[in-house]
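Dropping structure.cif in here (mmCIF, C-alpha atoms):
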data_upload
#
loop_
_atom_site.label_atom_id
_atom_site.label_comp_id
_atom_site.auth_asym_id
_atom_site.auth_seq_id
_atom_site.Cartn_x
_atom_site.Cartn_y
_atom_site.Cartn_z
CA MET A 121 54.16 47.19 -55.76
CA PRO A 122 50.71 47.49 -57.36
CA LEU A 123 51.90 45.24 -60.19
CA LEU A 124 53.25 42.70 -57.67
CA ARG A 125 49.96 42.68 -55.75
CA LEU A 126 48.04 42.18 -59.01
CA THR A 127 50.31 39.29 -59.99
CA ILE A 128 49.83 37.62 -56.60
CA ALA A 129 46.05 38.12 -56.76
CA LEU A 130 45.90 36.59 -60.25
CA PHE A 131 48.00 33.65 -59.07
CA PHE A 132 45.56 32.84 -56.27
CA PHE A 133 42.51 33.39 -58.48
CA ILE A 134 43.81 30.98 -61.10
CA ASN A 135 44.56 28.34 -58.47
CA VAL A 136 41.11 28.38 -56.87
CA VAL A 137 39.11 28.05 -60.09
CA PRO A 138 37.45 24.61 -59.86
CA ALA A 139 38.47 22.01 -62.39
CA THR A 140 35.94 21.16 -65.09
CA ALA A 141 34.18 17.88 -64.35
CA ALA A 142 35.28 15.03 -66.59
CA THR A 143 32.82 14.02 -69.30
CA THR A 144 32.10 10.40 -70.19
CA VAL A 145 29.85 9.08 -72.94
CA ILE A 146 28.45 5.57 -72.42
CA GLU A 147 26.98 3.80 -75.43
CA ALA A 148 24.88 0.63 -75.32
CA ALA A 149 22.14 -1.12 -77.24
CA GLY A 150 19.48 0.43 -75.03
CA TYR A 151 18.46 1.39 -71.51
CA VAL A 152 15.50 0.50 -69.35
CA ASP A 153 13.19 3.33 -68.34
CA VAL A 154 12.18 1.67 -65.08
CA GLY A 155 9.35 4.10 -64.46
CA SER A 156 7.47 3.17 -67.62
CA GLY A 157 8.87 -0.34 -67.94
CA ILE A 158 10.09 0.28 -71.49
CA LEU A 159 13.39 -0.51 -73.20
CA ILE A 160 14.60 2.58 -75.08
CA LYS A 161 17.02 2.15 -78.00
CA PRO A 162 19.76 3.15 -78.43
CA ALA A 163 21.42 4.37 -75.25
CA VAL A 164 23.91 7.20 -75.34
CA ILE A 165 24.34 8.53 -71.80
CA VAL A 166 26.42 11.65 -71.17
CA VAL A 167 27.93 11.84 -67.69
CA GLU A 168 29.67 14.87 -66.21
CA GLY A 169 31.33 14.32 -62.87
CA GLU A 170 28.88 12.36 -60.72
CA ASN A 171 25.72 13.10 -62.69
CA ILE A 172 23.87 12.17 -65.85
CA VAL A 173 23.49 15.35 -67.91
CA GLU A 174 22.07 14.20 -71.24
CA ILE A 175 20.55 11.14 -72.91
CA ASN A 176 20.73 10.39 -76.65
CA PRO A 177 21.99 13.86 -77.59
CA THR A 178 21.95 15.06 -81.18
CA GLN A 179 25.63 15.96 -80.88
CA LEU A 180 28.27 14.29 -78.73
CA PRO A 181 30.43 16.46 -76.47
CA LYS A 182 34.02 16.98 -77.59
CA ASN A 183 36.97 15.54 -75.67
CA ALA A 184 34.77 13.07 -73.78
CA THR A 185 35.89 9.62 -72.70
CA ARG A 186 33.81 7.08 -74.62
CA ILE A 187 32.75 3.67 -73.30
CA ASP A 188 31.17 1.38 -75.89
CA LEU A 189 29.18 -1.42 -74.25
CA GLY A 190 28.04 -2.91 -77.55
CA GLY A 191 24.88 -4.99 -77.31
CA ASN A 192 24.51 -4.69 -73.56
CA VAL A 193 21.53 -2.99 -71.88
CA LEU A 194 21.84 -0.24 -69.26
CA LEU A 195 19.87 0.09 -66.02
CA PRO A 196 20.10 2.32 -62.97
CA GLY A 197 22.32 0.99 -60.20
CA LEU A 198 20.37 -1.56 -58.16
CA MET A 199 19.53 -1.17 -54.45
CA ASP A 200 19.17 -3.76 -51.68
CA MET A 201 17.27 -2.51 -48.65
CA HIS A 202 18.15 -5.28 -46.20
CA VAL A 203 21.73 -6.50 -45.81
CA HIS A 204 24.17 -7.35 -43.03
CA LEU A 205 27.58 -6.80 -44.60
CA ASP A 206 29.59 -7.81 -41.55
CA LEU A 207 28.36 -11.42 -41.55
CA ASN A 208 28.93 -14.45 -43.77
CA TRP A 209 26.40 -17.23 -43.39
CA ASP A 210 27.03 -20.36 -41.38
CA ALA A 211 23.83 -22.08 -40.33
CA VAL A 212 25.33 -23.58 -37.20
CA ASN A 213 28.30 -21.47 -36.15
CA PHE A 214 27.61 -17.91 -35.00
CA ASP A 215 31.01 -17.52 -33.33
CA VAL A 216 31.81 -14.57 -35.60
CA ILE A 217 29.25 -12.53 -33.65
CA PHE A 218 31.19 -12.90 -30.43
CA MET A 219 34.77 -13.73 -31.38
CA GLU A 220 35.69 -11.19 -34.05
CA SER A 221 36.78 -7.71 -33.12
CA GLY A 222 35.08 -4.68 -34.55
CA ALA A 223 38.18 -4.08 -36.69
CA LYS A 224 38.03 -7.52 -38.25
CA GLY A 225 34.27 -7.20 -38.65
CA ALA A 226 34.81 -4.00 -40.62
CA LEU A 227 37.30 -5.77 -42.89
CA ARG A 228 34.81 -8.60 -43.43
CA ALA A 229 32.16 -6.01 -44.24
CA ALA A 230 34.48 -4.29 -46.72
CA MET A 231 35.06 -7.61 -48.51
CA ASN A 232 31.32 -8.20 -48.78
CA ALA A 233 30.67 -4.61 -49.84
CA ALA A 234 33.03 -5.01 -52.79
CA ALA A 235 31.23 -8.19 -53.89
CA THR A 236 27.88 -6.43 -53.61
CA LEU A 237 29.03 -3.47 -55.71
CA ASN A 238 30.48 -5.72 -58.40
CA ALA A 239 27.08 -7.41 -58.62
CA GLY A 240 25.53 -4.09 -59.65
CA PHE A 241 24.16 -2.93 -56.29
CA THR A 242 25.30 0.65 -55.84
CA THR A 243 23.22 1.42 -52.73
CA VAL A 244 22.33 -0.75 -49.72
CA ARG A 245 20.81 -0.34 -46.27
CA ASN A 246 22.82 -2.19 -43.63
CA VAL A 247 19.93 -2.74 -41.25
CA GLY A 248 21.92 -3.55 -38.14
CA GLN A 249 25.43 -4.79 -37.64
CA ILE A 250 25.77 -8.32 -36.36
CA HIS A 251 29.12 -8.10 -34.58
CA ASN A 252 28.75 -7.85 -30.82
CA THR A 253 31.12 -4.96 -30.39
CA ALA A 254 30.85 -1.40 -29.18
CA ASP A 255 32.38 -0.29 -32.48
CA MET A 256 29.91 0.94 -35.07
CA VAL A 257 31.12 -1.38 -37.80
CA ASP A 258 28.62 -0.42 -40.50
CA VAL A 259 29.01 3.30 -39.83
CA ALA A 260 32.78 2.97 -40.20
CA LEU A 261 32.29 1.05 -43.44
CA ALA A 262 29.87 3.66 -44.83
CA GLU A 263 32.30 6.46 -44.06
CA ALA A 264 35.30 4.56 -45.45
CA ILE A 265 33.49 3.94 -48.74
CA GLU A 266 32.33 7.54 -48.95
CA GLU A 267 35.91 8.77 -48.38
CA GLY A 268 37.36 6.37 -50.95
CA PHE A 269 39.28 4.08 -48.58
CA VAL A 270 37.60 0.93 -49.94
CA PRO A 271 35.24 0.11 -52.83
CA GLY A 272 31.61 -0.55 -52.06
CA PRO A 273 28.04 0.58 -52.56
CA ARG A 274 26.57 3.63 -50.89
CA VAL A 275 25.85 2.23 -47.38
CA ILE A 276 23.05 3.51 -45.16
CA PRO A 277 24.01 2.21 -41.70
CA ALA A 278 21.78 1.42 -38.72
CA GLY A 279 24.41 0.72 -36.09
CA HIS A 280 23.07 -1.67 -33.43
CA MET A 281 19.57 -3.10 -33.85
CA ILE A 282 17.14 -2.22 -31.07
CA SER A 283 15.46 -5.18 -29.41
CA ILE A 284 14.06 -6.23 -26.04
CA LEU A 285 16.09 -7.95 -23.34
CA GLY A 286 15.99 -11.64 -24.27
CA GLY A 287 14.52 -10.90 -27.70
CA HIS A 288 15.53 -11.61 -31.28
CA GLY A 289 18.26 -8.96 -31.26
CA ASP A 290 19.68 -9.85 -27.85
CA LEU A 291 22.65 -11.68 -29.32
CA GLY A 292 23.57 -13.42 -26.09
CA MET A 293 20.28 -15.07 -25.16
CA ALA A 294 18.87 -15.37 -28.67
CA HIS A 295 21.78 -17.46 -29.94
CA GLY A 296 22.21 -19.81 -27.03
CA MET A 297 24.80 -18.39 -24.64
CA ALA A 298 24.56 -19.51 -21.03
CA GLU A 299 22.55 -17.36 -18.64
CA GLY A 300 24.44 -14.32 -17.42
CA MET A 301 27.30 -14.72 -19.89
CA LEU A 302 26.40 -11.62 -21.87
CA VAL A 303 24.12 -8.81 -20.74
CA LEU A 304 24.05 -6.03 -23.30
CA PRO A 305 23.24 -2.39 -22.46
CA PRO A 306 20.86 -0.06 -24.33
CA GLU A 307 23.83 1.38 -26.22
CA ARG A 308 24.15 -2.03 -27.91
CA GLY A 309 20.43 -1.98 -28.64
CA VAL A 310 19.00 -4.17 -25.86
CA VAL A 311 16.24 -2.36 -24.00
CA SER A 312 13.63 -2.76 -21.28
CA GLY A 313 11.21 0.14 -21.18
CA ALA A 314 10.80 3.50 -22.84
CA ALA A 315 13.79 5.13 -21.12
CA ASP A 316 16.13 2.41 -22.41
CA ALA A 317 14.59 2.68 -25.86
CA LEU A 318 15.19 6.42 -25.94
CA ARG A 319 18.80 5.98 -24.82
CA ALA A 320 19.38 3.27 -27.44
CA VAL A 321 18.12 5.30 -30.37
CA ARG A 322 19.99 8.42 -29.27
CA TYR A 323 23.21 6.43 -29.00
CA GLN A 324 22.88 5.05 -32.54
CA ILE A 325 22.16 8.51 -33.92
CA LYS A 326 25.06 10.09 -32.01
CA HIS A 327 27.46 7.57 -33.49
CA GLY A 328 26.39 7.93 -37.11
CA ALA A 329 23.36 5.73 -37.81
CA LYS A 330 21.33 6.96 -40.80
CA VAL A 331 18.41 4.57 -40.28
CA ILE A 332 17.11 3.02 -37.05
CA LYS A 333 16.39 -0.72 -37.03
CA ILE A 334 14.00 -2.21 -34.47
CA HIS A 335 12.78 -5.72 -33.73
CA ALA A 336 9.05 -5.37 -33.34
CA THR A 337 8.58 -9.15 -33.17
CA ALA A 338 10.46 -12.37 -32.60
CA GLY A 339 12.34 -14.02 -35.46
CA VAL A 340 13.29 -17.21 -37.22
CA LEU A 341 17.04 -17.60 -36.71
CA SER A 342 17.07 -17.20 -32.94
CA LEU A 343 16.15 -19.58 -30.14
CA GLU A 344 12.81 -18.07 -29.16
CA ASP A 345 9.81 -20.39 -29.27
CA ALA A 346 7.62 -18.06 -31.36
CA VAL A 347 8.44 -16.52 -34.72
CA GLY A 348 5.90 -13.73 -34.75
CA ALA A 349 5.16 -12.68 -31.17
CA GLN A 350 5.33 -8.93 -30.58
CA GLN A 351 8.41 -8.00 -28.53
CA LEU A 352 8.94 -4.24 -28.29
CA THR A 353 5.91 -2.69 -26.64
CA ASP A 354 3.75 -0.11 -28.38
CA GLU A 355 5.22 2.57 -26.11
CA GLU A 356 8.84 1.53 -26.78
CA MET A 357 8.28 1.61 -30.53
CA ARG A 358 6.51 4.96 -30.35
CA VAL A 359 9.37 6.51 -28.33
CA ILE A 360 11.95 5.22 -30.83
CA VAL A 361 10.05 6.52 -33.85
CA GLU A 362 9.39 9.92 -32.27
CA GLU A 363 13.07 10.39 -31.44
CA ALA A 364 14.18 9.25 -34.90
CA ARG A 365 11.69 11.71 -36.43
CA ARG A 366 13.25 14.56 -34.47
CA HIS A 367 16.51 13.75 -36.22
CA ASN A 368 14.82 13.21 -39.60
CA LEU A 369 15.79 9.54 -39.70
CA PRO A 370 13.58 6.68 -40.92
CA VAL A 371 12.82 3.56 -38.89
CA ALA A 372 12.85 0.00 -40.24
CA ALA A 373 10.93 -2.65 -38.31
CA HIS A 374 11.79 -6.34 -38.38
CA ALA A 375 8.31 -7.84 -38.01
CA HIS A 376 7.01 -11.34 -38.79
CA GLY A 377 3.77 -11.66 -36.80
CA THR A 378 0.57 -9.90 -37.81
CA GLU A 379 -0.12 -7.99 -34.61
CA GLY A 380 3.48 -6.82 -34.28
CA ILE A 381 3.42 -5.64 -37.89
CA LYS A 382 0.32 -3.58 -37.25
CA ALA A 383 1.69 -2.18 -33.99
CA ALA A 384 4.88 -1.08 -35.76
CA ILE A 385 2.92 0.63 -38.52
CA ARG A 386 0.75 2.45 -35.99
CA ALA A 387 3.91 3.56 -34.18
CA GLY A 388 4.99 5.28 -37.38
CA VAL A 389 7.77 3.12 -38.89
CA ASP A 390 8.81 3.68 -42.49
CA SER A 391 9.27 0.06 -43.55
CA ILE A 392 8.25 -3.42 -42.52
CA GLU A 393 11.08 -5.91 -42.94
CA HIS A 394 10.10 -9.54 -43.69
CA GLY A 395 6.38 -8.99 -43.03
CA SER A 396 5.79 -12.72 -43.13
CA ILE A 397 2.21 -12.95 -41.88
CA LEU A 398 0.12 -10.16 -43.36
CA ASP A 399 -3.65 -9.90 -43.18
CA ASP A 400 -5.99 -7.49 -44.98
CA GLU A 401 -5.82 -4.95 -42.16
CA ALA A 402 -2.01 -4.93 -42.15
CA ILE A 403 -1.96 -4.39 -45.91
CA ALA A 404 -4.50 -1.58 -45.63
CA LEU A 405 -2.45 0.05 -42.86
CA MET A 406 0.68 -0.08 -45.04
CA GLN A 407 -1.15 1.76 -47.78
CA GLU A 408 -2.78 4.25 -45.42
CA HIS A 409 0.51 5.14 -43.71
CA ASN A 410 2.66 5.04 -46.85
CA VAL A 411 4.82 2.23 -45.43
CA THR A 412 7.21 0.30 -47.67
CA PHE A 413 7.22 -3.49 -47.53
CA VAL A 414 10.67 -5.14 -47.64
CA PRO A 415 10.05 -8.89 -47.93
CA THR A 416 12.97 -11.32 -47.78
CA VAL A 417 11.74 -14.60 -49.24
CA GLY A 418 14.42 -15.77 -51.69
CA LEU A 419 16.74 -16.75 -48.86
CA MET A 420 14.65 -19.87 -48.18
CA ASP A 421 15.78 -21.23 -51.54
CA ARG A 422 19.41 -20.94 -50.42
CA ILE A 423 19.34 -22.09 -46.79
CA ASP A 424 20.09 -25.72 -45.97
CA LEU A 425 17.25 -26.33 -43.53
CA GLY A 426 18.79 -29.61 -42.46
CA ALA A 427 21.77 -27.74 -41.04
CA LEU A 428 19.62 -25.60 -38.75
CA PRO A 429 18.97 -26.50 -35.10
CA PRO A 430 15.52 -28.15 -34.76
CA LYS A 431 13.76 -25.11 -33.28
CA LYS A 432 14.99 -22.78 -36.00
CA ARG A 433 14.22 -25.35 -38.70
CA ALA A 434 10.63 -25.73 -37.52
CA LYS A 435 10.08 -21.97 -37.51
CA ALA A 436 11.58 -21.59 -40.98
CA LYS A 437 9.33 -24.31 -42.42
CA TYR A 438 6.30 -22.75 -40.76
CA VAL A 439 6.89 -19.20 -41.91
CA ASP A 440 8.12 -19.75 -45.49
CA PRO A 441 4.77 -20.46 -47.22
CA LEU A 442 3.09 -17.70 -45.21
CA ALA A 443 5.76 -15.19 -46.22
CA ARG A 444 5.43 -16.04 -49.91
CA GLU A 445 1.66 -15.67 -49.75
CA SER A 446 2.07 -12.31 -48.00
CA VAL A 447 4.16 -11.06 -50.93
CA ARG A 448 1.50 -12.22 -53.38
CA ARG A 449 -1.24 -10.45 -51.43
CA ALA A 450 0.73 -7.24 -51.02
CA ALA A 451 1.63 -7.18 -54.72
CA ARG A 452 -2.00 -7.66 -55.76
CA ALA A 453 -3.04 -4.83 -53.44
CA GLY A 454 -0.45 -2.42 -54.85
CA VAL A 455 1.68 -2.04 -51.71
CA ARG A 456 5.02 -0.38 -52.44
CA ILE A 457 7.64 -3.14 -52.28
CA ALA A 458 11.39 -2.59 -52.00
CA MET A 459 13.71 -5.55 -52.41
CA GLY A 460 15.75 -6.92 -49.52
CA THR A 461 17.87 -10.05 -49.46
CA ASP A 462 18.85 -10.35 -45.79
CA ALA A 463 22.32 -11.08 -47.17
CA PRO A 464 24.28 -13.12 -46.23
CA LEU A 465 21.30 -15.50 -46.12
CA ILE A 466 21.40 -14.90 -49.84
CA PRO A 467 25.19 -14.66 -50.24
CA HIS A 468 26.72 -11.24 -50.77
CA GLY A 469 27.09 -10.75 -54.51
CA ASP A 470 24.12 -12.99 -55.33
CA ASN A 471 21.63 -10.28 -54.35
CA ALA A 472 19.82 -10.48 -57.70
CA ASP A 473 18.41 -13.87 -56.68
CA GLU A 474 15.76 -12.05 -54.64
CA ILE A 475 14.61 -10.07 -57.69
CA VAL A 476 14.06 -13.31 -59.58
CA THR A 477 12.14 -14.77 -56.64
CA LEU A 478 9.77 -11.80 -56.61
CA THR A 479 8.79 -12.53 -60.22
CA THR A 480 7.65 -16.00 -59.12
CA LEU A 481 5.28 -14.43 -56.59
CA GLY A 482 3.14 -12.28 -58.86
CA LEU A 483 5.34 -9.31 -59.76
CA SER A 484 6.01 -8.64 -63.43
CA ASN A 485 9.60 -8.11 -64.52
CA ALA A 486 8.95 -4.37 -64.71
CA GLU A 487 7.47 -4.33 -61.20
CA ALA A 488 10.40 -6.35 -59.87
CA LEU A 489 12.83 -3.85 -61.41
CA ARG A 490 11.07 -1.03 -59.59
CA THR A 491 11.59 -2.87 -56.28
CA VAL A 492 15.36 -2.40 -56.75
CA THR A 493 15.35 1.10 -58.26
CA ILE A 494 12.48 3.57 -57.86
CA ASN A 495 10.88 2.14 -54.71
CA PRO A 496 14.09 1.98 -52.65
CA ALA A 497 14.87 5.56 -53.70
CA VAL A 498 11.54 6.61 -52.18
CA LEU A 499 12.28 4.65 -49.00
CA ILE A 500 15.72 6.19 -48.47
CA ARG A 501 14.46 9.65 -49.46
CA ARG A 502 16.78 10.12 -52.44
CA ASP A 503 15.27 11.78 -55.50
CA ASP A 504 18.59 11.58 -57.37
CA LEU A 505 18.79 7.77 -57.49
CA GLY A 506 16.86 4.93 -59.07
CA GLN A 507 16.37 6.11 -62.66
CA ILE A 508 18.34 6.99 -65.78
CA LYS A 509 17.44 10.64 -66.25
CA PRO A 510 19.32 13.94 -66.57
CA GLY A 511 20.15 15.26 -63.12
CA MET A 512 20.31 11.82 -61.53
CA LYS A 513 23.47 10.38 -60.03
CA ALA A 514 25.44 8.39 -62.60
CA ASP A 515 24.84 5.01 -60.98
CA LEU A 516 24.63 2.72 -64.00
CA ILE A 517 24.96 -0.99 -64.68
CA ALA A 518 24.88 -3.06 -67.87
CA VAL A 519 23.59 -6.59 -68.47
CA GLY A 520 23.64 -8.79 -71.53
CA ALA A 521 19.91 -8.84 -72.37
CA ASP A 522 16.70 -6.96 -71.78
CA PRO A 523 15.64 -7.73 -68.17
CA LEU A 524 12.06 -6.85 -69.05
CA GLU A 525 12.15 -10.03 -71.12
CA ASP A 526 14.62 -12.11 -69.09
CA ILE A 527 14.98 -11.10 -65.45
CA ASN A 528 17.74 -13.68 -64.95
CA THR A 529 20.13 -11.44 -66.87
CA LEU A 530 20.50 -9.39 -63.66
CA ARG A 531 22.56 -12.28 -62.29
CA ASP A 532 25.30 -11.44 -64.80
CA VAL A 533 26.18 -7.77 -64.44
CA ARG A 534 28.97 -6.73 -66.83
CA PHE A 535 29.48 -3.03 -66.18
CA VAL A 536 29.11 -0.96 -63.03
CA MET A 537 29.42 2.80 -62.58
CA LYS A 538 28.81 4.53 -59.26
CA ASN A 539 28.79 8.30 -58.90
CA GLY A 540 30.23 8.64 -62.41
CA LYS A 541 33.23 6.40 -61.71
CA VAL A 542 33.67 3.08 -63.48
CA VAL A 543 33.84 0.22 -61.01
CA ARG A 544 33.61 -2.73 -63.37
CA GLN A 545 34.00 -2.84 -67.13
CA PRO A 546 33.95 -5.71 -69.64
#
Show me the file's structure as structure tokens.
Amino acid sequence: MPLLRLTIALFFFINVVPATAATTVIEAAGYVDVGSGILIKPAVIVVEGENIVEINPTQLPKNATRIDLGGNVLLPGLMDMHVHLDLNWDAVNFDVIFMESGAKGALRAAMNAAATLNAGFTTVRNVGQIHNTADMVDVALAEAIEEGFVPGPRVIPAGHMISILGGHGDLGMAHGMAEGMLVLPPERGVVSGAADALRAVRYQIKHGAKVIKIHATAGVLSLEDAVGAQQLTDEEMRVIVEEARRHNLPVAAHAHGTEGIKAAIRAGVDSIEHGSILDDEAIALMQEHNVTFVPTVGLMDRIDLGALPPKKRAKAKYVDPLARESVRRAARAGVRIAMGTDAPLIPHGDNADEIVTLTTLGLSNAEALRTVTINPAVLIRRDDLGQIKPGMKADLIAVGADPLEDINTLRDVRFVMKNGKVVRQP
């Protein structure tokens, strides 16, 4: 009997010993150290499991899988801090918002997530689902990707955006439905007063949101008269931020107008999305409160303004030059900028267009690369993403040339690895 017990014990011990993580060696012409803005040659990256463990070792590990990328250049996986994966752009027809089920919206989002990942973006913030459904489409997508159901980037979901009754995020009124046709409750993000705001943020958190998105001001692609008027009150924003803080979640504020931007910063938000009309005080407040600026300006190069309804077209023409100048001013002042596309306004998969646009507004190629690597990592509170260093997650992409010299090469990503797993390979 003692021998039998020993045999059984050994059997169970052997079967619970964890498997050794697979080792992969990736070789390329070089890699970009995005922190210093330097191309380092050559690049031999050793990956074990999900993590980078060694760079340019003196001796290669035995029995490793080797991937030779030839003359390509490696970078950290890119990050887009402002997407809406459950929408594809149609300047006139917003029927998808009202006529697709949450299930179909999730499938649409999965399709767009795959395109985004193949373009080299391994992490995104989905700052508010667009589908008018009780289902938390972006939360479901984030969980499905994490569990391996579907391919896609790491998704940080916001659930429903929080907006005032009749405001930019009130999908019924803002997009032209007849009066009384659709009255959305706080659970869907439409609020009037601090009590509603508290209920709205708690609902998003309960159902899996990892960032809270608010509409501090009016917007462009809705039927309001103003583009920048403050909408959520100071008190409503403060209540939302305080509740999010209790759950250790960041808050992203859609904000175009100057006063609404400043009110959101004073309320304690973590990022200003769009930030179209900045003044010196707003820029100083961003720096004082350590707020990240997520401009979305490249989309204006892709939108057919002629297809927009007259009111939206007028607002877009008004705000575009102001938004570009705000990026220039923020960049000169040293504000931390993280890239956002507002995809699908830049189509999913073409996210790198926004990086190129930033280089036309005063950012160097090295600074633009930090807006899609290091700076987003700070914003989403991840110290294991955004750089090629031992201990970091093995999120790696390869392009055909040095992006420090030619930023357009980011439009042609040839290799993608996320969490140590090859997603795309030449």
Fill in: Answer key for the PyMOL selection byres ((chain A and resi 280-290) around 6), residues as a list in words
Gly248, Gln249, Gly279, Leu291, Gly292, Met293, Ala294, Arg308, Gly309, Val310, Val311, Ser312, Lys333, Ile334, His335, Ala338, Gly339 and Leu352 of chain A
Result set of the PyMOL selection byres ((chain A and resi 259) around 7) on the coordinates above, as an mmCIF file with C-alpha atoms, keeping the file's coordinate frame:
data_model
loop_
_atom_site.group_PDB
_atom_site.id
_atom_site.type_symbol
_atom_site.label_atom_id
_atom_site.label_comp_id
_atom_site.auth_asym_id
_atom_site.auth_seq_id
_atom_site.Cartn_x
_atom_site.Cartn_y
_atom_site.Cartn_z
ATOM 1 C CA MET A 256 29.910 0.940 -35.070
ATOM 2 C CA VAL A 257 31.120 -1.380 -37.800
ATOM 3 C CA ASP A 258 28.620 -0.420 -40.500
ATOM 4 C CA ALA A 260 32.780 2.970 -40.200
ATOM 5 C CA LEU A 261 32.290 1.050 -43.440
ATOM 6 C CA ALA A 262 29.870 3.660 -44.830
ATOM 7 C CA GLU A 263 32.300 6.460 -44.060
ATOM 8 C CA PRO A 277 24.010 2.210 -41.700
ATOM 9 C CA GLY A 279 24.410 0.720 -36.090
ATOM 10 C CA GLY A 328 26.390 7.930 -37.110
ATOM 11 C CA ALA A 329 23.360 5.730 -37.810
#
Worksheet item: Could you write out as a VMD selection string the residues that the PyMOL selection byres ((chain A and resi 470) around 12) matches in the shown file?
Response: chain A and resid 200 203 232 to 233 235 to 241 418 to 419 422 460 to 469 471 to 476 528 530 to 533
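Note that CA of Ile175 in chain A and CA of Pro510 in chain A are 7.0 Å apart.
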Practice prompt. Would you work out the distance separating CA of Gly268 in chain A from CA of Arg322 in chain A, expressed in Å to one decimal?
Written response: 27.9 Å
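For the pair CA of Ala230 in chain A and CA of Val275 in chain A, the interatomic distance is 10.8 Å.
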Write out as a tab-separated table a residue-level contact list of range 306-402 of chain A versus range 429-451 of chain A with cut-off 10 Å: for each qualifying residue the closest pair of atoms and the distance in Å to one decimal, counting all atoms listed in the file, rows sorted by chain and residue number upward.
residue	atom	partner	partner_atom	distance
A:Gly339	CA	A:Lys435	CA	8.5
A:Val340	CA	A:Lys435	CA	5.7
A:Leu341	CA	A:Lys432	CA	5.6
A:Ser342	CA	A:Lys432	CA	6.7
A:Leu343	CA	A:Lys432	CA	6.8
A:Glu344	CA	A:Lys431	CA	8.2
A:Asp345	CA	A:Lys431	CA	7.3
A:Ala346	CA	A:Lys435	CA	7.7
A:Val347	CA	A:Lys435	CA	6.3
A:Gly348	CA	A:Val439	CA	9.1
A:His376	CA	A:Val439	CA	8.5
A:Gly377	CA	A:Val439	CA	9.6
A:His394	CA	A:Ala443	CA	7.6
A:Gly395	CA	A:Ala443	CA	7.0
A:Ser396	CA	A:Ala443	CA	4.0
A:Ile397	CA	A:Leu442	CA	5.9
A:Leu398	CA	A:Ser446	CA	5.5
A:Asp399	CA	A:Ser446	CA	7.9
A:Asp400	CA	A:Arg449	CA	8.5
A:Ala402	CA	A:Ala450	CA	9.6
Worksheet entry | Top pick for closest residue to Ile494 in chain A, considering A:Gly506, A:Pro181, A:Gly540, A:Pro415 and counting all atoms listed in the file | A:Gly506
Discussion item. If we draw a sphere of 7 Å around (8.6, -0.4, -31.1), which residues have at least one atom in it when counting all atoms listed in the file? Please report them as a ChimeraX atom specification.
Written reply: /A:334,336,352-358,360,384,387
Those selected residues, please, written with C-alpha atoms and delivered as a PDB file, in the frame of the given file.
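Generated file (again.pdb):
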ATOM      1  CA  ILE A 334      14.000  -2.210 -34.470  1.00  0.00           C
ATOM      2  CA  ALA A 336       9.050  -5.370 -33.340  1.00  0.00           C
ATOM      3  CA  LEU A 352       8.940  -4.240 -28.290  1.00  0.00           C
ATOM      4  CA  THR A 353       5.910  -2.690 -26.640  1.00  0.00           C
ATOM      5  CA  ASP A 354       3.750  -0.110 -28.380  1.00  0.00           C
ATOM      6  CA  GLU A 355       5.220   2.570 -26.110  1.00  0.00           C
ATOM      7  CA  GLU A 356       8.840   1.530 -26.780  1.00  0.00           C
ATOM      8  CA  MET A 357       8.280   1.610 -30.530  1.00  0.00           C
ATOM      9  CA  ARG A 358       6.510   4.960 -30.350  1.00  0.00           C
ATOM     10  CA  ILE A 360      11.950   5.220 -30.830  1.00  0.00           C
ATOM     11  CA  ALA A 384       4.880  -1.080 -35.760  1.00  0.00           C
ATOM     12  CA  ALA A 387       3.910   3.560 -34.180  1.00  0.00           C
TER      13      ALA A 387
END
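Of the residues under consideration (A:Ile158, A:Ile172, A:Leu195, A:Ile423), A:Leu195 shows the shortest atom-to-atom contact distance to Phe535 in chain A when counting only C-alpha atoms.
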Around all the atoms of range 402-411 of chain A listed in the file, draw an axis-aligned box and extend it by 8 Å on each of the six sides; I want its centre and edge lengths in Å to one decimal, as AutoDock Vina command-line options.
--center_x 0.2 --center_y 0.1 --center_z -45.0 --size_x 25.3 --size_y 26.1 --size_z 21.6
So that I can check the surroundings of Gln179 in chain A, please list as an mmCIF file with C-alpha atoms, in the frame of the given file every protein, DNA and RNA residue that reaches within 12 Å of it, counting only C-alpha atoms and ignoring chain neighbours fewer than 4 positions away.
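Dumped to part.cif:
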data_model
loop_
_atom_site.group_PDB
_atom_site.id
_atom_site.type_symbol
_atom_site.label_atom_id
_atom_site.label_comp_id
_atom_site.auth_asym_id
_atom_site.auth_seq_id
_atom_site.Cartn_x
_atom_site.Cartn_y
_atom_site.Cartn_z
ATOM 1 C CA VAL A 145 29.850 9.080 -72.940
ATOM 2 C CA VAL A 164 23.910 7.200 -75.340
ATOM 3 C CA ILE A 165 24.340 8.530 -71.800
ATOM 4 C CA VAL A 166 26.420 11.650 -71.170
ATOM 5 C CA GLU A 174 22.070 14.200 -71.240
ATOM 6 C CA ILE A 175 20.550 11.140 -72.910
ATOM 7 C CA ALA A 184 34.770 13.070 -73.780
#
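The shortest atom-to-atom distance to Ala518 in chain A, with all atoms listed in the file taken into account, belongs to A:Gly150 out of A:Leu302, A:Gly150, A:Thr243, A:Ala278.
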Worksheet item: Got a sec: who's within 8 Å of Ile250 in chain A, counting only C-alpha atoms, leaving out chain neighbours fewer than 4 positions off, as a ChimeraX atom specification?
Response: /A:204,206-207,217,280
Discussion item. Env of Arg386 in chain A: 9 Å cut, atoms = all atoms listed in the file, seq-sep filter 3 positions within chain, self excluded. Answer as a PyMOL selection string.
Written reply: chain A and resi 354+358+381-383+389+405+409
